[in-house]
Each structure stands twice: as structure tokens, then as C-alpha cells.
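Below is one structure, written out as C-alpha cells; comments come after it.
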Amino acid sequence: MTSPLRNDRFLRALRREPVDCTPVWLMRQAGRYLPEYRATRARAGSFLAMAKNPDIACEVTLQPLERFDLDAAILFSDILTIPDAMGLELYFVDGEGPKFRHPVRSVADIAKLAVPDMETELRYVMDAVRVIRRQLDGKVPLIGFSGSPWTLACYMVEGGGSKDYARIKALALNEPQALHQLLGVVTDAVIAYLSAQRLAGAQALQVFDTWGGVLSPAMYREFSLPYLTRIAHELDRGQGADRAPLILFGKGNGQHLEALAASGTDAVGVDWTTELGDAVRRTGGRVALQGNLDPATLYGSPEAIRREVGVVLDSYRDGNGGSREGHVFNLGHGMSPDMNPEHVAVLVDAVHSHSRR
Ligand code: CP3
């Protein structure tokens, strides 16, 4: 039914098996830095129109793979599809980022939230996964993803992006039980969403805890970590060769790596403010690690990019007793629209050639 996988480096690294060289993919690898993406976007009209059309979502998912020797594809979608399907109504204002027409503003709003149906309300996401998996035809594995409960709750309560997280932090302080209720239903939805993506064809699953790092350590342990742990425990990843590994990425998660490695996840994604060699030593081979080149490195020259790629690769190897096993190369966070595609090619080739030596 589906073609055998021709490049399994990424899945092997997540399972901490030997690889011929270190696999690499980039967060936000499909996006506005690519002229072909901007052309498709102009034709479709908007980001949401692209994400809600499975054929267009497939087209832009494949665009970076046509240019670069990447070892994984990531579903073109967004983390805010879940709250949108819960009735909050996602929209984008140019230059201001995502917004919700009906943000969560009261305990009564929280009580109304329910887990959306994955094959009706979020059918367009599952259809995109099915179309992409078919079109990939075994070239590389497909990553499905979700936001973390805490990160989704931030957008749901703030109504969009935020500088200070004033509303959600006030909720955490004044009505923690209400916030736990919100995080509970969002966690149920995330587990159902990731399961449905796996059944539709996603071969690995990543959770983006983009805003975990804005919490104090005690608040992180109360409002983010337990929900990530529940996902890692309850998410059915399948069996044997078809098992889809789980990656927990978190911006600013450096001080929580031991706890994340003990959560039951297969891999942890690390941002660039943590020394990767220290991260391996601290997690002691319990999980694979993904990361963690500073995305701003792409503003450097090709020589600087090659040098910095080597620093990250060798930091991992040195912390891991001389072995590159268990490392998936990535940026420490997503790409930006003003990055140079030629520099991405330099980065990808540098990861493969340096780690093959
Ligand atoms: O990595 C990929 O290529 C897959 C696609 C992907 C998108 N969003 C596409 C997108 C993924 C994995 C996301 C996740 C996401 N969305 C996160 C977590 C990301 C992380 O790096 O931690 C967050 C916080 C969001 C919410 C969101 N959606 C934001 C902040 C924005 C940017 C708004 C802006 O004006 O730039 C979006 C829109 C969005 N999602 C774009 C893309 C390519 C920009 C679309 C466009 O304007 O064409």
C-alpha cells in the first residue's frame, strides 16, 4: 500500500541506532524564505487557505525537499488548528501573527471546551497527512506535530501572541484549578490529534512547547511538564518497525532536560542556549536529542555556517562518549522569512559531510 522508506536515518537516530551520517531537518523548513512558497501563497491567498487545502499543504511540504537533501518532511499546518476547531476561530492579521476571535476569558468559557472530532472538524489536517505521505512515496519520513498544552493555552487565553503572558499567568495565580481544567481538555485533544495523524500516516510526532520557557521553574513543573508527561505516557505510538517516535521540543527547556528525559518521550528537542554535549551527559542516553544550532547562524557566511555546524555536531559526539548516535540535527528554533535559501543548502550539506567523516 505504502512504499518502503528509502531514507530512514531520521527514524534510526530517534531510536538511537547507528547511522551513516547525522540526519537533519529544520523547524519551519517550509515557509516564506522560499520564493516558490511565496508564489504558492500568492495563488492560494493566505496561510490558512494553504493549510486548509490538502493538495496545497502537500505542495509546500515538499518544496524544501526538492531543493535540499533533508532527511524528514514536516506536515504543513499550524499548532493553532486545535483551538480553531474548538470554536475559538483562528485568523491572521498581517504583521501581527495569529489571533482568536473568541479567546477563553472565563471559567464558563473553559467549561464549554470539548475535544474536536479528528475526522470531521480536523479532517483537512488528516487529509493533508494522507496526501503528503502518498506523494512522498517513501523518500523520507513524515513528521506530524501539535502544540503543547501550555503553549496552546497561552494563545487561547491571551487571544494571540503576547509579550508578558499577563492573562494566563494571572489565571495560573488566581484560579489554578480552572487553568488545570483547560490544560486537561487540551491535553486530551493533543493526544487524539497526534494519534489521528499517526493513523493517517505520520511516522514521527513532535510537540512544540514554544512558550514553556516563559514559566518560572516551579510554574513549569506545575503547568507544562505534567501535561507533556501525560502525552508521553498515554499517546499510542504503534508497534515494532511502524512505531512513531515522539519528540518533545521546548524553547528554554534547558534546565528541565532530566525531567523531560524521564517523561517517557523518545527524544527531546533543545534550543541553542544549552550546550548539546552537556545535554547528552545529563540525559545519559535515555532519549535521543534534536537540535540545536542558533537559527541566526543562517545569517552568517557559508564558512561560518560550516564551522558552527561542526561545533554542534562535535559537542554532541564528545558528550556522548565519541558516538554520534541518537542525534537529529536541527536549529534550536524555527527559520525566519529573511533567511537565504543558499545558506540552508550549505547547512544541510555540512551536517552530512562533517558527520560522515
Ligand atoms: O516547520 C514547518 O515547516 C511546518 C509548519 C509549521 C508552521 N507553524 C507553519 C506556519 C509549524 C510546525 C508551525 C508551528 C507553530 N505555529 C508554532 C510553534 C513553532 C515553534 O517554532 O515553536 C507556533 C507558535 C505557531 C503559531 C503561528 N503560526 C505563528 C507565530 C505564525 C507566524 C505569523 C507570522 O506573521 O509570521 C504562524 C503562521 C505560520 N505557520 C506561518 C507558517 C509557514 C507563516 C505563514 C505565512 O505568513 O505565510
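Labeling convention for the C-alpha cells: chains A, B, ... as they appear, residues from 1 per chain, ligands from 1 in order of appearance.
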
Handout entry: Surroundings of ligand 1 up to 6 Å, based on only C-alpha atoms and all ligand atoms, as a PyMOL selection string
Key = chain A and resi 27-32+47+74-79+95-98+208+210+333-334

Practice task
Write out as a ChimeraX atom specification each polymer residue whose atoms come within 8 Å of Gly213 (chain A), counting only C-alpha atoms; drop sequence neighbours fewer than 6 positions from it.
Solution key: /A:220,250-253

Exercise for the section: Tell me which protein, DNA and RNA residues are within 9 Å of Glu258 (chain A), counting only C-alpha atoms, leaving out same-chain ones fewer than 2 positions away, and put them as a PyMOL selection string. Expected result: chain A and resi 255-256+260-263+279+282-284

Problem - Nearest to Leu246 (chain A) by atom-to-atom distance, counting only C-alpha atoms, from A:Leu62, A:Ala296, A:Leu14, A:Val125 - result: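 When distances to Leu246 (chain A) are compared using only C-alpha atoms, the smallest one comes from A:Leu14.
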
Exercise for the section: List the neighbours of region 344-347 of chain A out to 9 Å using only C-alpha atoms; skip same-chain residues closer than 2 positions along the sequence, and give me the result as a list in words. Expected result: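 What passes the distance filter is Arg67, Phe68, Asp69, Leu298, Pro302, Glu303, Ile305, Arg306, Val309, Met339, Asn340, Pro341, Glu342, Asp349, Ala350, Val351 and His352 of chain A.
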
Fill in the blank from the handout: One residue among A:Pro4, A:Pro64, A:Ala51, A:Glu121 is nearest to Gly87 (chain A) when using only C-alpha atoms, and that residue is A:Glu121

Practice task
Give the helix (DSSP H, G or I) residues of region 165-260 of chain A, as DSSP finds them on the backbone, and put them as a ChimeraX atom specification.
Solution key: /A:166-174,176-200,212-214,217-223,225-234,240-242,254-260

Exercise for the section: Give the answer as one residue: which of A:Arg15, A:Arg356, A:Arg41, A:Arg101 has the shortest atom-to-atom distance to Asp314 (chain A), using only C-alpha atoms? Expected result: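 Nearest candidate to Asp314 (chain A) out of A:Arg15, A:Arg356, A:Arg41, A:Arg101: A:Arg356.
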